[in-house]
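Raw contents of input.txt, compact mmCIF, C-alpha atoms:
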```
# COMPACT_ATOMS: atom_id res chain seq x y z
CA MET A 1 0.00 0.00 0.00
CA SER A 2 1.61 3.25 -1.12
CA PRO A 3 1.61 6.20 1.27
CA THR A 4 -0.41 9.26 0.30
CA PHE A 5 0.92 12.76 0.78
CA ASN A 6 -1.77 13.91 3.22
CA GLU A 7 -1.11 11.15 5.74
CA LEU A 8 2.58 12.06 6.15
CA THR A 9 4.16 14.25 8.79
CA ALA A 10 7.72 15.55 9.05
CA GLY A 11 9.84 13.40 11.32
CA GLN A 12 7.80 10.28 10.62
CA ASP A 13 9.79 7.06 10.48
CA ILE A 14 9.60 5.08 7.22
CA GLY A 15 11.37 1.98 8.54
CA SER A 16 14.78 0.38 8.38
CA ARG A 17 16.72 -2.23 6.46
CA THR A 18 19.91 -4.18 7.02
CA VAL A 19 22.15 -4.90 4.04
CA GLU A 20 24.84 -7.55 4.30
CA VAL A 21 27.80 -7.13 1.95
CA SER A 22 30.37 -9.66 0.83
CA ARG A 23 33.33 -9.40 -1.53
CA THR A 24 31.21 -11.35 -4.03
CA ASP A 25 28.57 -8.63 -3.85
CA LEU A 26 31.23 -6.06 -4.78
CA VAL A 27 32.31 -8.12 -7.79
CA LYS A 28 28.65 -8.38 -8.85
CA TYR A 29 28.20 -4.64 -8.45
CA ALA A 30 31.38 -4.00 -10.43
CA GLY A 31 30.04 -6.13 -13.27
CA ALA A 32 26.55 -4.66 -13.18
CA SER A 33 27.73 -1.04 -13.03
CA GLY A 34 30.90 -1.21 -15.11
CA ASP A 35 32.98 0.28 -12.27
CA PHE A 36 35.99 -2.06 -12.14
CA ASN A 37 38.24 0.08 -9.96
CA PRO A 38 40.37 -2.62 -8.23
CA ILE A 39 40.10 -0.86 -4.84
CA HIS A 40 36.70 -2.58 -4.70
CA TRP A 41 37.92 -6.14 -5.22
CA ASN A 42 41.69 -6.46 -4.78
CA GLU A 43 43.17 -6.23 -1.27
CA ALA A 44 46.80 -5.75 -2.35
CA PHE A 45 45.80 -3.02 -4.76
CA ALA A 46 43.63 -1.25 -2.18
CA THR A 47 46.33 -1.25 0.50
CA GLY A 48 48.89 -0.26 -2.14
CA VAL A 49 47.01 3.01 -2.67
CA GLU A 50 46.90 3.65 1.10
CA LEU A 51 43.37 2.43 1.76
CA PRO A 52 42.76 0.28 4.85
CA GLY A 53 41.51 -2.58 2.65
CA VAL A 54 38.89 -3.39 0.02
CA ILE A 55 36.05 -0.87 0.24
CA ALA A 56 32.53 -1.01 -1.17
CA HIS A 57 31.68 1.19 -4.14
CA GLY A 58 30.02 4.32 -2.74
CA MET A 59 27.42 3.73 -5.44
CA PHE A 60 26.76 0.23 -4.10
CA THR A 61 25.93 1.69 -0.70
CA MET A 62 23.88 4.52 -2.21
CA GLY A 63 22.00 2.12 -4.50
CA ALA A 64 21.32 -0.39 -1.73
CA ALA A 65 20.19 2.33 0.69
CA VAL A 66 17.49 3.75 -1.60
CA GLN A 67 15.60 0.46 -1.74
CA LEU A 68 14.12 1.34 1.63
CA VAL A 69 12.58 4.38 -0.07
CA THR A 70 11.37 2.65 -3.25
CA ASP A 71 9.76 -0.15 -1.28
CA TRP A 72 8.06 2.35 1.02
CA ALA A 73 6.91 4.53 -1.90
CA GLY A 74 5.53 1.49 -3.75
CA ASP A 75 6.98 2.55 -7.10
CA PRO A 76 10.68 3.09 -7.95
CA ALA A 77 9.62 5.78 -10.43
CA ALA A 78 8.41 7.93 -7.51
CA VAL A 79 12.01 8.77 -6.55
CA VAL A 80 12.59 11.98 -8.50
CA ASP A 81 15.81 13.11 -6.80
CA PHE A 82 18.42 11.29 -4.75
CA GLN A 83 21.68 12.64 -3.42
CA THR A 84 24.37 11.84 -0.90
CA ARG A 85 27.88 12.59 0.26
CA PHE A 86 30.21 9.67 0.84
CA THR A 87 31.89 10.39 4.15
CA LYS A 88 33.41 7.11 5.31
CA PRO A 89 34.33 4.07 3.26
CA VAL A 90 32.56 0.76 3.97
CA LEU A 91 35.41 -1.65 4.62
CA VAL A 92 34.45 -5.14 3.43
CA ALA A 93 36.35 -8.03 5.03
CA ASP A 94 37.23 -11.10 2.98
CA THR A 95 34.82 -13.78 4.25
CA THR A 96 34.86 -15.73 0.99
CA GLY A 97 33.81 -19.33 1.52
CA THR A 98 31.98 -18.61 4.78
CA PRO A 99 28.36 -17.58 5.33
CA GLU A 100 29.51 -14.47 7.22
CA PRO A 101 29.06 -11.04 5.61
CA GLY A 102 32.17 -8.91 5.09
CA ALA A 103 30.30 -5.83 6.29
CA THR A 104 26.82 -4.86 7.41
CA ILE A 105 25.07 -1.63 6.46
CA GLU A 106 22.14 -0.36 8.53
CA VAL A 107 19.70 1.93 6.70
CA SER A 108 16.89 3.86 8.33
CA GLY A 109 14.72 6.66 6.99
CA ALA A 110 12.47 9.44 8.18
CA ILE A 111 10.43 12.15 6.48
CA GLY A 112 12.65 15.24 6.45
CA LYS A 113 10.42 17.76 4.72
CA LEU A 114 7.09 17.90 2.91
CA ASP A 115 6.47 20.14 -0.09
CA ALA A 116 2.71 20.46 -0.58
CA ASP A 117 3.01 22.50 -3.80
CA ALA A 118 5.19 19.90 -5.50
CA GLY A 119 3.46 16.94 -3.83
CA THR A 120 6.83 15.60 -2.75
CA ALA A 121 8.31 14.26 0.45
CA ARG A 122 12.00 14.35 1.25
CA VAL A 123 13.17 11.20 2.96
CA ASP A 124 16.36 11.56 5.00
CA LEU A 125 18.35 8.34 5.23
CA THR A 126 20.72 7.39 8.00
CA VAL A 127 23.26 4.87 6.74
CA VAL A 128 25.69 3.33 9.21
CA SER A 129 28.38 0.65 8.95
CA ALA A 130 30.76 -0.45 11.72
CA GLY A 131 29.27 2.23 13.98
CA GLN A 132 30.03 5.12 11.62
CA LYS A 133 27.81 7.15 9.33
CA VAL A 134 29.01 6.25 5.84
CA LEU A 135 26.61 8.53 3.95
CA MET A 136 25.80 12.12 4.88
CA LYS A 137 22.96 14.24 3.59
CA ALA A 138 21.47 11.13 1.99
CA GLN A 139 18.17 12.55 0.80
CA ALA A 140 15.59 11.10 -1.57
CA VAL A 141 12.74 13.22 -2.89
CA VAL A 142 9.62 11.14 -3.54
CA ARG A 143 6.58 12.24 -5.54
CA LEU A 144 3.38 11.01 -3.99
CA SER A 145 -0.25 11.15 -4.98
CA MET B 1 50.93 13.93 -11.38
CA THR B 2 48.82 17.05 -11.04
CA ILE B 3 45.31 17.67 -12.24
CA ASN B 4 44.97 19.99 -15.19
CA PRO B 5 43.11 23.11 -13.91
CA ASP B 6 42.03 23.94 -17.46
CA LEU B 7 39.55 21.05 -17.31
CA GLN B 8 36.98 23.34 -15.67
CA GLY B 9 34.30 24.35 -18.12
CA ARG B 10 35.19 21.59 -20.56
CA SER B 11 32.36 19.57 -22.16
CA TYR B 12 32.33 16.25 -23.93
CA PRO B 13 29.46 15.71 -26.37
CA ALA B 14 27.21 12.66 -26.20
CA ALA B 15 29.14 9.70 -27.55
CA GLU B 16 27.87 6.14 -27.84
CA VAL B 17 24.22 5.19 -27.34
CA TYR B 18 23.40 3.07 -24.29
CA ASP B 19 20.52 0.64 -24.95
CA VAL B 20 18.70 -0.10 -21.70
CA GLY B 21 17.86 -3.82 -21.70
CA ARG B 22 15.51 -5.68 -19.39
CA GLU B 23 18.20 -8.10 -18.27
CA LYS B 24 20.53 -5.19 -17.46
CA ILE B 25 17.86 -3.60 -15.28
CA ARG B 26 17.36 -6.94 -13.53
CA GLU B 27 21.12 -7.46 -13.13
CA PHE B 28 21.67 -3.97 -11.74
CA ALA B 29 18.67 -4.28 -9.41
CA ARG B 30 20.01 -7.57 -8.04
CA ALA B 31 23.47 -6.02 -7.64
CA VAL B 32 22.08 -3.27 -5.37
CA LYS B 33 19.91 -5.85 -3.60
CA ALA B 34 16.66 -4.32 -4.84
CA THR B 35 13.57 -6.48 -4.76
CA HIS B 36 10.81 -4.23 -6.09
CA PRO B 37 8.82 -6.20 -8.72
CA ALA B 38 8.79 -3.21 -11.13
CA HIS B 39 12.51 -3.92 -11.76
CA PHE B 40 11.93 -7.57 -12.62
CA ASP B 41 8.40 -8.24 -13.83
CA VAL B 42 7.04 -6.41 -16.89
CA ASP B 43 3.44 -7.01 -15.83
CA ALA B 44 4.14 -5.54 -12.37
CA ALA B 45 5.69 -2.45 -14.00
CA LYS B 46 2.70 -2.11 -16.35
CA ALA B 47 0.31 -2.43 -13.41
CA LEU B 48 1.93 0.75 -12.04
CA GLY B 49 1.27 2.50 -15.36
CA HIS B 50 4.77 2.12 -16.84
CA THR B 51 5.63 1.04 -20.36
CA ASP B 52 8.27 -1.50 -19.33
CA LEU B 53 10.64 -2.43 -16.47
CA VAL B 54 11.63 0.57 -14.35
CA ALA B 55 15.34 1.06 -13.65
CA PRO B 56 16.43 1.53 -10.02
CA PRO B 57 16.98 5.18 -8.95
CA THR B 58 20.78 4.93 -9.27
CA PHE B 59 20.84 3.03 -12.60
CA ALA B 60 21.83 6.20 -14.48
CA ILE B 61 25.28 5.88 -12.86
CA ILE B 62 26.17 3.37 -15.59
CA VAL B 63 25.65 5.98 -18.28
CA ALA B 64 27.09 8.80 -16.15
CA GLN B 65 30.30 6.93 -15.39
CA ARG B 66 30.73 5.96 -19.05
CA ALA B 67 30.56 9.66 -19.83
CA ASP B 68 33.01 10.40 -17.00
CA ALA B 69 35.42 7.84 -18.45
CA GLN B 70 36.00 10.21 -21.34
CA LEU B 71 37.47 12.69 -18.87
CA ILE B 72 39.31 10.19 -16.67
CA GLU B 73 40.90 8.50 -19.69
CA ASP B 74 41.74 11.80 -21.34
CA PRO B 75 45.56 11.93 -21.17
CA GLU B 76 45.35 15.70 -20.72
CA SER B 77 43.33 15.37 -17.48
CA GLY B 78 46.14 13.99 -15.29
CA ILE B 79 43.65 11.84 -13.30
CA ASP B 80 44.98 8.59 -11.79
CA PHE B 81 41.83 6.42 -11.59
CA SER B 82 43.35 4.24 -8.85
CA ARG B 83 43.46 7.30 -6.59
CA VAL B 84 39.88 8.37 -7.29
CA VAL B 85 37.40 8.35 -4.40
CA HIS B 86 33.75 9.21 -4.95
CA ALA B 87 32.87 12.22 -2.77
CA ASP B 88 29.25 12.96 -3.60
CA GLN B 89 26.54 12.03 -6.07
CA ARG B 90 23.14 13.32 -7.08
CA PHE B 91 20.47 12.04 -9.47
CA THR B 92 17.67 14.31 -10.63
CA HIS B 93 15.16 12.35 -12.67
CA HIS B 94 13.10 14.29 -15.18
CA ARG B 95 11.37 11.01 -15.93
CA PRO B 96 12.08 7.38 -14.97
CA ILE B 97 14.41 5.22 -17.08
CA PHE B 98 12.65 2.28 -18.70
CA ALA B 99 13.80 -0.85 -20.51
CA GLY B 100 13.92 0.00 -24.20
CA ASP B 101 15.32 3.50 -23.67
CA ARG B 102 18.23 4.54 -25.87
CA LEU B 103 20.29 6.89 -23.72
CA VAL B 104 23.09 9.32 -24.46
CA ALA B 105 25.00 11.51 -22.00
CA GLU B 106 26.69 14.86 -22.38
CA LEU B 107 29.50 15.48 -19.91
CA HIS B 108 30.25 18.87 -18.37
CA VAL B 109 33.18 19.57 -16.05
CA ASP B 110 31.65 22.10 -13.64
CA GLY B 111 34.44 22.44 -11.10
CA VAL B 112 38.10 21.66 -10.44
CA ARG B 113 39.75 22.71 -7.21
CA ALA B 114 43.02 21.72 -5.62
CA MET B 115 42.76 19.91 -2.27
CA GLY B 116 46.06 19.20 -0.59
CA GLY B 117 48.14 17.35 -3.15
CA GLY B 118 45.00 16.20 -4.92
CA ALA B 119 41.92 17.73 -6.48
CA MET B 120 38.14 17.69 -6.23
CA ILE B 121 36.48 17.47 -9.65
CA THR B 122 32.74 18.06 -10.09
CA THR B 123 31.09 16.75 -13.22
CA ARG B 124 27.53 16.88 -14.52
CA GLN B 125 25.99 14.47 -16.97
CA GLU B 126 22.90 15.46 -18.94
CA ILE B 127 21.20 12.24 -19.95
CA PHE B 128 18.74 12.12 -22.83
CA ALA B 129 16.61 9.41 -24.40
CA LEU B 130 16.63 9.24 -28.18
CA ALA B 131 13.29 8.90 -29.94
CA ALA B 132 12.88 6.93 -33.17
CA ASP B 133 13.61 10.10 -35.15
CA ASP B 134 16.71 10.71 -32.94
CA SER B 135 15.12 13.71 -31.22
CA ARG B 136 16.14 14.02 -27.56
CA GLU B 137 14.04 13.87 -24.41
CA SER B 138 15.69 14.95 -21.16
CA VAL B 139 15.69 11.99 -18.76
CA ALA B 140 18.08 12.77 -15.92
CA THR B 141 20.73 15.15 -14.70
CA THR B 142 23.44 13.55 -12.60
CA THR B 143 26.21 15.35 -10.77
CA SER B 144 29.18 13.86 -9.02
CA SER B 145 32.31 14.98 -7.27
CA ILE B 146 35.38 12.83 -7.24
CA LEU B 147 38.41 13.35 -5.05
CA VAL B 148 41.66 12.45 -6.73
CA ARG B 149 43.86 11.76 -3.72
CA GLY B 150 47.38 13.14 -3.76
CA GLU B 151 50.30 11.15 -2.33
CA GLY B 152 49.76 10.48 1.39
CA GLN B 153 46.04 11.39 1.24
```
Can the structure from this file be put into structure tokens for me?
Amino acid sequence: MSPTFNELTAGQDIGSRTVEVSRTDLVKYAGASGDFNPIHWNEAFATGVELPGVIAHGMFTMGAAVQLVTDWAGDPAAVVDFQTRFTKPVLVADTTGTPEPGATIEVSGAIGKLDADAGTARVDLTVVSAGQKVLMKAQAVVRLS
Amino acid sequence: MTINPDLQGRSYPAAEVYDVGREKIREFARAVKATHPAHFDVDAAKALGHTDLVAPPTFAIIVAQRADAQLIEDPESGIDFSRVVHADQRFTHHRPIFAGDRLVAELHVDGVRAMGGGAMITTRQEIFALAADDSRESVATTTSSILVRGEGQ
């Protein structure tokens, strides 16, 4: 059931989602997106360019985070604007061959602002991994009926 | 290697056409762990009033980063891709992207500023869908900033 504009209030919670990430997920994202920067799949390369290890594509995290919004809105086409800053890298441990995730990303969202003229709601996302906010100003604008 | 400050204001015209396929939408949706049926099931997308599968909200990054590659691979730019970190990203959708769209992207370099030994580069991609007569419909505007880290950054 999609939300309607009139039933929303600023500050309202839209829910939360946990995303588990493995090195395999990063390889899949690399293939799907065409971003083959080896910092996202090769440990030696990543540490060689002074990173702490293999990190998730910022766009993986951004793309995974917005699903909370599309599922809440009921239609992916309702997301008319989506932006974020990437503040901390998501370090993904090598857990290949085990059922353990290499990292966990916690996503939660709340209504930040309502624009009655445009019929849009801004959803502010909080995205945390390993206790740190990895996205800042993660905001999705959703058009509602 | 230093970043060429003359990049600011440079534009790269739309190059190759990107054909949005259903399987690519499904593959990308799975890769970002999306489960909405409008990404996977044509009937579900049509039930929402769409012509075909709807791309996830960040799908345009494929086209945007292909456009960016023209800059990153430009030998005059001085950008070392291995030292690139994504700093921010925005998608403004003028309309959704659907399977069957033929997309092209114009690249604009809106900002270049030195940061320590590196540089922050802001680019904008204007993404259009081509109609059968090759006329253009504005689909999305994407902007991104990349930090090219200097040594020790």
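For the choices A:Gly34, A:Pro76, A:Gly11, A:Gly48, the atom-to-atom distance to Pro57 (chain B) is smallest for A:Pro76 when using all atoms listed in the file.
Applying a distance limit of 6 Å to all atoms listed in the file, the residues of chain B near chain A read Phe28, Ala31, Val32, Lys33, Ala34, Thr58, Ile62, Ala87, Asp88, Gln89, Arg90, Phe91, Thr92, His93 and Pro96 of chain B.
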* For Pro99 (chain A), which residue among A:Ser145, A:Asn42, A:Thr120, A:Ser22 is the nearest when counting all atoms listed in the file? -> A:Ser22
Axis-aligned box for all listed atoms of region 93-103 of chain B, 4 Å per side, centre and edges in Å to one decimal, as lines of an AutoDock Vina configuration file:
```
center_x = 15.8
center_y = 6.7
center_z = -19.3
size_x = 16.9
size_y = 23.1
size_z = 21.2
```
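Of the listed residues B:Val54, B:Leu107, B:Ile61, B:Ala29, the one whose atoms come nearest to Thr123 (chain B) is B:Leu107, with distances taken using only C-alpha atoms.
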